[in-house]
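Raw coords.tsv, TSV, N, CA and C atoms:
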chain	number	residue	atom	x	y	z
J	1	MET	N	56.40	-16.38	60.55
J	1	MET	CA	54.95	-16.39	60.51
J	1	MET	C	54.40	-14.97	60.32
J	2	LEU	N	54.97	-14.00	61.05
J	2	LEU	CA	54.53	-12.62	60.92
J	2	LEU	C	54.83	-12.09	59.53
J	3	LEU	N	56.00	-12.43	58.98
J	3	LEU	CA	56.37	-11.99	57.64
J	3	LEU	C	55.42	-12.58	56.60
J	4	ALA	N	55.04	-13.84	56.75
J	4	ALA	CA	54.11	-14.47	55.82
J	4	ALA	C	52.75	-13.77	55.86
J	5	SER	N	52.26	-13.43	57.04
J	5	SER	CA	50.98	-12.73	57.16
J	5	SER	C	51.06	-11.36	56.52
J	6	TYR	N	52.19	-10.68	56.73
J	6	TYR	CA	52.39	-9.36	56.15
J	6	TYR	C	52.38	-9.45	54.62
J	7	LEU	N	53.08	-10.45	54.07
J	7	LEU	CA	53.14	-10.62	52.63
J	7	LEU	C	51.76	-10.94	52.05
J	8	GLU	N	50.96	-11.74	52.76
J	8	GLU	CA	49.60	-12.03	52.30
J	8	GLU	C	48.75	-10.76	52.29
J	9	LEU	N	48.90	-9.94	53.31
J	9	LEU	CA	48.16	-8.68	53.39
J	9	LEU	C	48.53	-7.75	52.25
J	10	VAL	N	49.83	-7.61	51.99
J	10	VAL	CA	50.30	-6.76	50.89
J	10	VAL	C	49.81	-7.30	49.56
J	11	SER	N	49.85	-8.60	49.38
J	11	SER	CA	49.40	-9.22	48.14
J	11	SER	C	47.90	-8.99	47.92
J	12	ALA	N	47.11	-9.13	48.97
J	12	ALA	CA	45.67	-8.92	48.87
J	12	ALA	C	45.36	-7.46	48.54
J	13	ALA	N	46.06	-6.52	49.16
J	13	ALA	CA	45.85	-5.10	48.89
J	13	ALA	C	46.22	-4.77	47.45
J	14	ALA	N	47.33	-5.30	46.97
J	14	ALA	CA	47.76	-5.06	45.59
J	14	ALA	C	46.75	-5.63	44.61
J	15	SER	N	46.19	-6.77	44.92
J	15	SER	CA	45.20	-7.39	44.05
J	15	SER	C	43.94	-6.52	43.97
J	16	ARG	N	43.50	-5.98	45.09
J	16	ARG	CA	42.32	-5.10	45.09
J	16	ARG	C	42.59	-3.84	44.28
J	17	LEU	N	43.77	-3.27	44.41
J	17	LEU	CA	44.12	-2.07	43.65
J	17	LEU	C	44.16	-2.36	42.16
J	18	ALA	N	44.67	-3.51	41.80
J	18	ALA	CA	44.80	-3.85	40.39
J	18	ALA	C	43.44	-4.05	39.73
J	19	THR	N	42.44	-4.50	40.50
J	19	THR	CA	41.13	-4.76	39.92
J	19	THR	C	40.14	-3.63	40.20
J	20	ALA	N	40.56	-2.59	40.90
J	20	ALA	CA	39.66	-1.47	41.21
J	20	ALA	C	39.29	-0.73	39.93
J	21	ASP	N	38.07	-0.24	39.88
J	21	ASP	CA	37.60	0.54	38.74
J	21	ASP	C	37.98	1.99	38.97
J	22	PRO	N	38.94	2.54	38.19
J	22	PRO	CA	39.40	3.90	38.43
J	22	PRO	C	38.34	4.96	38.16
J	23	SER	N	37.26	4.61	37.45
J	23	SER	CA	36.24	5.62	37.14
J	23	SER	C	35.20	5.75	38.24
J	24	LYS	N	35.27	4.96	39.31
J	24	LYS	CA	34.24	5.00	40.35
J	24	LYS	C	34.11	6.39	40.97
J	25	GLY	N	35.20	7.11	41.18
J	25	GLY	CA	35.13	8.43	41.77
J	25	GLY	C	34.98	9.53	40.74
J	26	ALA	N	34.91	9.18	39.48
J	26	ALA	CA	34.83	10.16	38.41
J	26	ALA	C	33.43	10.77	38.33
J	27	LYS	N	33.36	12.00	37.84
J	27	LYS	CA	32.10	12.72	37.71
J	27	LYS	C	31.32	12.18	36.51
J	28	PRO	N	30.06	11.80	36.73
J	28	PRO	CA	29.25	11.31	35.61
J	28	PRO	C	28.86	12.46	34.69
J	29	VAL	N	29.05	12.26	33.39
J	29	VAL	CA	28.68	13.26	32.40
J	29	VAL	C	27.87	12.63	31.28
J	30	GLN	N	27.02	13.44	30.69
J	30	GLN	CA	26.28	13.03	29.50
J	30	GLN	C	26.65	14.02	28.39
J	31	ILE	N	27.06	13.50	27.25
J	31	ILE	CA	27.46	14.34	26.12
J	31	ILE	C	26.29	14.46	25.15
J	32	GLU	N	25.94	15.69	24.81
J	32	GLU	CA	24.97	15.97	23.75
J	32	GLU	C	25.75	16.71	22.66
J	33	PHE	N	25.79	16.14	21.48
J	33	PHE	CA	26.68	16.64	20.43
J	33	PHE	C	25.90	16.86	19.15
J	34	ASP	N	26.02	18.05	18.59
J	34	ASP	CA	25.33	18.39	17.34
J	34	ASP	C	26.37	19.04	16.42
J	35	ALA	N	26.58	18.44	15.25
J	35	ALA	CA	27.59	18.95	14.32
J	35	ALA	C	27.18	18.63	12.89
J	36	PRO	N	27.70	19.43	11.95
J	36	PRO	CA	27.42	19.13	10.54
J	36	PRO	C	28.05	17.81	10.10
J	37	ALA	N	27.55	17.27	9.02
J	37	ALA	CA	28.13	16.04	8.45
J	37	ALA	C	29.62	16.26	8.17
J	38	GLY	N	30.40	15.23	8.45
J	38	GLY	CA	31.83	15.30	8.20
J	38	GLY	C	32.64	15.80	9.38
J	39	CYS	N	31.97	16.26	10.43
J	39	CYS	CA	32.67	16.71	11.64
J	39	CYS	C	32.80	15.56	12.63
J	40	SER	N	33.64	15.77	13.61
J	40	SER	CA	33.79	14.81	14.70
J	40	SER	C	32.44	14.57	15.36
J	41	GLY	N	32.37	13.49	16.14
J	41	GLY	CA	31.14	13.15	16.85
J	41	GLY	C	31.34	13.12	18.35
J	42	ALA	N	30.29	12.70	19.04
J	42	ALA	CA	30.29	12.65	20.50
J	42	ALA	C	31.39	11.73	21.03
J	43	ASP	N	31.62	10.60	20.36
J	43	ASP	CA	32.65	9.67	20.84
J	43	ASP	C	34.04	10.29	20.77
J	44	ALA	N	34.34	11.00	19.69
J	44	ALA	CA	35.64	11.66	19.56
J	44	ALA	C	35.79	12.75	20.61
J	45	PHE	N	34.71	13.49	20.86
J	45	PHE	CA	34.76	14.53	21.88
J	45	PHE	C	35.03	13.91	23.25
J	46	PHE	N	34.30	12.85	23.59
J	46	PHE	CA	34.49	12.22	24.90
J	46	PHE	C	35.89	11.64	25.03
J	47	SER	N	36.41	11.04	23.97
J	47	SER	CA	37.78	10.50	24.01
J	47	SER	C	38.79	11.62	24.26
J	48	SER	N	38.60	12.74	23.62
J	48	SER	CA	39.49	13.88	23.82
J	48	SER	C	39.37	14.42	25.25
J	49	LEU	N	38.14	14.48	25.75
J	49	LEU	CA	37.92	14.92	27.13
J	49	LEU	C	38.62	13.98	28.10
J	50	ARG	N	38.47	12.67	27.91
J	50	ARG	CA	39.10	11.67	28.80
J	50	ARG	C	40.62	11.71	28.70
J	51	SER	N	41.15	12.14	27.54
J	51	SER	CA	42.61	12.23	27.42
J	51	SER	C	43.15	13.37	28.27
J	52	ARG	N	42.26	14.27	28.67
J	52	ARG	CA	42.66	15.45	29.44
J	52	ARG	C	42.39	15.31	30.93
J	53	THR	N	41.45	14.43	31.31
J	53	THR	CA	41.14	14.21	32.73
J	53	THR	C	40.57	12.82	32.93
J	54	ASP	N	40.94	12.20	34.05
J	54	ASP	CA	40.36	10.91	34.44
J	54	ASP	C	39.14	11.11	35.32
J	55	GLU	N	38.80	12.35	35.60
J	55	GLU	CA	37.74	12.66	36.56
J	55	GLU	C	36.35	12.70	35.94
J	56	VAL	N	36.17	12.13	34.76
J	56	VAL	CA	34.85	12.04	34.15
J	56	VAL	C	34.61	10.62	33.65
J	57	ARG	N	33.35	10.28	33.60
J	57	ARG	CA	32.92	9.00	33.02
J	57	ARG	C	31.53	9.22	32.45
J	58	GLN	N	31.12	8.38	31.52
J	58	GLN	CA	29.78	8.50	30.96
J	58	GLN	C	28.77	8.10	32.03
J	59	SER	N	27.71	8.88	32.14
J	59	SER	CA	26.73	8.64	33.19
J	59	SER	C	25.85	7.44	32.88
J	60	ASP	N	25.33	6.85	33.96
J	60	ASP	CA	24.29	5.85	33.82
J	60	ASP	C	22.98	6.60	33.55
J	61	GLU	N	22.00	5.89	33.07
J	61	GLU	CA	20.76	6.52	32.64
J	61	GLU	C	20.08	7.41	33.68
J	62	ASN	N	19.93	6.94	34.90
J	62	ASN	CA	19.11	7.65	35.88
J	62	ASN	C	19.88	8.31	37.01
J	63	GLU	N	21.17	8.46	36.89
J	63	GLU	CA	21.92	9.09	37.98
J	63	GLU	C	22.10	10.59	37.72
J	64	PRO	N	22.25	11.38	38.77
J	64	PRO	CA	22.55	12.80	38.57
J	64	PRO	C	23.86	12.93	37.78
J	65	HIS	N	23.90	13.89	36.87
J	65	HIS	CA	25.09	14.03	36.02
J	65	HIS	C	25.23	15.47	35.54
J	66	THR	N	26.41	15.76	35.05
J	66	THR	CA	26.68	17.02	34.37
J	66	THR	C	26.44	16.78	32.89
J	67	THR	N	25.70	17.68	32.25
J	67	THR	CA	25.45	17.57	30.81
J	67	THR	C	26.42	18.49	30.08
J	68	ILE	N	27.11	17.93	29.11
J	68	ILE	CA	28.03	18.72	28.28
J	68	ILE	C	27.44	18.77	26.88
J	69	GLN	N	26.98	19.96	26.50
J	69	GLN	CA	26.36	20.16	25.20
J	69	GLN	C	27.37	20.82	24.27
J	70	VAL	N	27.57	20.22	23.11
J	70	VAL	CA	28.49	20.75	22.10
J	70	VAL	C	27.71	20.96	20.82
J	71	ARG	N	27.85	22.16	20.26
J	71	ARG	CA	27.20	22.45	18.97
J	71	ARG	C	28.22	23.09	18.05
J	72	LEU	N	28.38	22.50	16.87
J	72	LEU	CA	29.30	23.03	15.86
J	72	LEU	C	28.49	23.47	14.65
J	73	THR	N	28.89	24.59	14.05
J	73	THR	CA	28.28	25.06	12.81
J	73	THR	C	29.39	25.58	11.90
J	74	ARG	N	29.14	25.49	10.60
J	74	ARG	CA	30.09	26.06	9.62
J	74	ARG	C	29.52	27.38	9.11
J	75	THR	N	30.37	28.39	9.13
J	75	THR	CA	29.97	29.71	8.65
J	75	THR	C	31.15	30.38	7.98
J	76	ARG	N	30.99	30.74	6.71
J	76	ARG	CA	32.02	31.49	5.97
J	76	ARG	C	33.41	30.85	6.08
J	77	GLY	N	33.48	29.56	5.89
J	77	GLY	CA	34.76	28.88	5.88
J	77	GLY	C	35.36	28.62	7.26
J	78	ARG	N	34.65	28.96	8.30
J	78	ARG	CA	35.11	28.74	9.67
J	78	ARG	C	34.15	27.78	10.36
J	79	VAL	N	34.62	27.18	11.45
J	79	VAL	CA	33.77	26.34	12.28
J	79	VAL	C	33.57	27.07	13.60
J	80	LEU	N	32.32	27.28	13.95
J	80	LEU	CA	31.97	27.90	15.21
J	80	LEU	C	31.54	26.82	16.18
J	81	GLY	N	32.05	26.87	17.39
J	81	GLY	CA	31.71	25.87	18.40
J	81	GLY	C	31.15	26.52	19.64
J	82	GLU	N	30.15	25.89	20.20
J	82	GLU	CA	29.57	26.35	21.46
J	82	GLU	C	29.56	25.18	22.43
J	83	LEU	N	30.05	25.45	23.63
J	83	LEU	CA	30.10	24.45	24.70
J	83	LEU	C	29.24	24.97	25.84
J	84	ARG	N	28.30	24.15	26.27
J	84	ARG	CA	27.47	24.51	27.41
J	84	ARG	C	27.59	23.37	28.42
J	85	VAL	N	28.02	23.70	29.62
J	85	VAL	CA	28.17	22.72	30.69
J	85	VAL	C	27.08	23.01	31.73
J	86	VAL	N	26.20	22.03	31.93
J	86	VAL	CA	25.09	22.18	32.87
J	86	VAL	C	25.30	21.16	33.98
J	87	ASP	N	25.51	21.65	35.22
J	87	ASP	CA	25.76	20.72	36.32
J	87	ASP	C	24.46	20.07	36.78
J	88	ASP	N	24.57	19.12	37.69
J	88	ASP	CA	23.40	18.34	38.12
J	88	ASP	C	22.41	19.16	38.95
J	89	ARG	N	22.75	20.40	39.29
J	89	ARG	CA	21.83	21.29	40.00
J	89	ARG	C	21.22	22.33	39.07
J	90	GLY	N	21.58	22.30	37.80
J	90	GLY	CA	21.01	23.22	36.82
J	90	GLY	C	21.86	24.45	36.51
J	91	GLY	N	22.98	24.62	37.24
J	91	GLY	CA	23.88	25.74	36.93
J	91	GLY	C	24.54	25.51	35.58
J	92	ALA	N	24.68	26.58	34.80
J	92	ALA	CA	25.21	26.42	33.44
J	92	ALA	C	26.29	27.46	33.15
J	93	ASP	N	27.20	27.08	32.29
J	93	ASP	CA	28.25	27.96	31.80
J	93	ASP	C	28.41	27.69	30.31
J	94	THR	N	28.52	28.74	29.53
J	94	THR	CA	28.63	28.60	28.08
J	94	THR	C	29.90	29.26	27.58
J	95	ARG	N	30.59	28.61	26.67
J	95	ARG	CA	31.79	29.15	26.03
J	95	ARG	C	31.64	28.96	24.53
J	96	LYS	N	32.18	29.93	23.78
J	96	LYS	CA	32.16	29.85	22.32
J	96	LYS	C	33.56	30.04	21.79
J	97	MET	N	33.85	29.36	20.70
J	97	MET	CA	35.13	29.55	20.02
J	97	MET	C	34.99	29.19	18.56
J	98	GLN	N	35.98	29.55	17.79
J	98	GLN	CA	35.97	29.23	16.37
J	98	GLN	C	37.34	28.75	15.94
J	99	GLY	N	37.35	28.06	14.82
J	99	GLY	CA	38.60	27.55	14.30
J	99	GLY	C	38.47	27.21	12.82
J	100	ALA	N	39.56	26.74	12.27
J	100	ALA	CA	39.60	26.43	10.85
J	100	ALA	C	38.93	25.09	10.53
J	101	SER	N	38.91	24.17	11.50
J	101	SER	CA	38.34	22.85	11.24
J	101	SER	C	37.54	22.36	12.43
J	102	CYS	N	36.68	21.38	12.18
J	102	CYS	CA	35.90	20.77	13.26
J	102	CYS	C	36.83	20.17	14.31
J	103	ASP	N	37.86	19.46	13.84
J	103	ASP	CA	38.78	18.82	14.79
J	103	ASP	C	39.44	19.84	15.70
J	104	ASP	N	39.86	20.98	15.15
J	104	ASP	CA	40.49	22.02	15.98
J	104	ASP	C	39.52	22.52	17.04
J	105	VAL	N	38.30	22.76	16.66
J	105	VAL	CA	37.31	23.30	17.60
J	105	VAL	C	36.95	22.24	18.65
J	106	VAL	N	36.79	20.99	18.23
J	106	VAL	CA	36.48	19.91	19.19
J	106	VAL	C	37.60	19.78	20.21
J	107	GLU	N	38.85	19.84	19.76
J	107	GLU	CA	39.98	19.76	20.70
J	107	GLU	C	39.95	20.91	21.70
J	108	ALA	N	39.71	22.13	21.21
J	108	ALA	CA	39.66	23.30	22.10
J	108	ALA	C	38.49	23.20	23.07
J	109	LEU	N	37.34	22.75	22.59
J	109	LEU	CA	36.18	22.63	23.47
J	109	LEU	C	36.37	21.51	24.49
J	110	SER	N	37.06	20.44	24.12
J	110	SER	CA	37.30	19.36	25.09
J	110	SER	C	38.23	19.83	26.21
J	111	LEU	N	39.21	20.67	25.87
J	111	LEU	CA	40.07	21.24	26.91
J	111	LEU	C	39.25	22.15	27.83
J	112	THR	N	38.41	22.97	27.25
J	112	THR	CA	37.56	23.86	28.04
J	112	THR	C	36.63	23.05	28.95
J	113	ALA	N	36.05	21.98	28.43
J	113	ALA	CA	35.17	21.12	29.23
J	113	ALA	C	35.95	20.45	30.35
J	114	ALA	N	37.17	19.99	30.06
J	114	ALA	CA	37.98	19.34	31.10
J	114	ALA	C	38.26	20.31	32.24
J	115	LEU	N	38.57	21.54	31.92
J	115	LEU	CA	38.81	22.55	32.95
J	115	LEU	C	37.54	22.85	33.74
J	116	ALA	N	36.39	22.79	33.08
J	116	ALA	CA	35.12	23.08	33.75
J	116	ALA	C	34.74	21.97	34.73
J	117	VAL	N	34.92	20.71	34.34
J	117	VAL	CA	34.50	19.61	35.21
J	117	VAL	C	35.58	19.16	36.17
J	118	ASP	N	36.83	19.52	35.89
J	118	ASP	CA	37.96	19.12	36.75
J	118	ASP	C	38.92	20.29	36.88
J	119	PRO	N	38.52	21.33	37.64
J	119	PRO	CA	39.37	22.53	37.74
J	119	PRO	C	40.72	22.27	38.40
J	120	ASN	N	40.88	21.14	39.09
J	120	ASN	CA	42.14	20.82	39.75
J	120	ASN	C	43.01	19.89	38.94
J	121	ARG	N	42.67	19.69	37.66
J	121	ARG	CA	43.43	18.76	36.82
J	121	ARG	C	44.88	19.19	36.72
J	122	SER	N	45.73	18.25	36.51
J	122	SER	CA	47.17	18.50	36.43
J	122	SER	C	47.48	19.30	35.17
J	123	GLU	N	48.24	20.34	35.34
J	123	GLU	CA	48.68	21.14	34.19
J	123	GLU	C	49.65	20.38	33.31
J	124	GLU	N	50.28	19.33	33.86
J	124	GLU	CA	51.27	18.58	33.11
J	124	GLU	C	50.64	17.52	32.20
J	125	ARG	N	49.37	17.26	32.38
J	125	ARG	CA	48.71	16.23	31.57
J	125	ARG	C	48.61	16.70	30.13
J	126	SER	N	48.94	15.86	29.21
J	126	SER	CA	48.87	16.26	27.80
J	126	SER	C	47.99	15.30	27.03
J	127	VAL	N	47.57	15.71	25.88
J	127	VAL	CA	46.71	14.89	25.04
J	127	VAL	C	47.43	13.62	24.66
J	128	GLY	N	46.69	12.50	24.69
J	128	GLY	CA	47.25	11.23	24.26
J	128	GLY	C	47.96	10.46	25.34
J	129	LYS	N	48.04	10.98	26.55
J	129	LYS	CA	48.68	10.21	27.63
J	129	LYS	C	47.66	9.49	28.43
Before anything else, please render the file you have as structure tokens.
Amino acid sequence: MLLASYLELVSAAASRLATADPSKGAKPVQIEFDAPAGCSGADAFFSSLRSRTDEVRQSDENEPHTTIQVRLTRTRGRVLGELRVVDDRGGADTRKMQGASCDDVVEALSLTAALAVDPNRSEERSVGK
């Protein structure tokens, strides 16, 4: 009888874990993305960010959130990228980088954003996992 109760308890706990929403504890973010035609968009940036950390999710409309602003421009055959991370209290940090292509710059900026919003992220996490 005790073993049956224990098994029911373990089964119920496993069921709750299996149906739990892993993004509930994640930091809400809003992506603002501005880029020339032919460059990656906000969805690609967010996907790249999520591939680097599970600690972010897209914010609901009226909740406090961190705003991640990305701006790409083409200049003299290079792509210049600017990342501005504004937390829910108004504190901001800006980083700039350049690369040969929009995709290269978006990947670099998504890594920078992941480090900004999740400074304790695992160093072993790699893109695409």
Write out as a VMD selection string which residues come within 7 Å of Ser101 in chain J when counting only N, CA and C atoms, dropping same-chain ones fewer than 4 positions away.
chain J and resid 78 to 79 105 to 106
Selection near Glu55 in chain J, 6 Å with all atoms listed in the file, sequence-local residues under 4 positions removed, as a VMD selection string
chain J and resid 25 to 27
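One distance worth recording is that between CA of Phe45 in chain J and atom C of Thr112 in chain J, which is 11.2 Å.
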Nearest to Gly99 in chain J, restricted to only C-alpha atoms and choosing among J:Leu80, J:Ala113, J:Val29, J:Leu72, comes out as J:Leu80
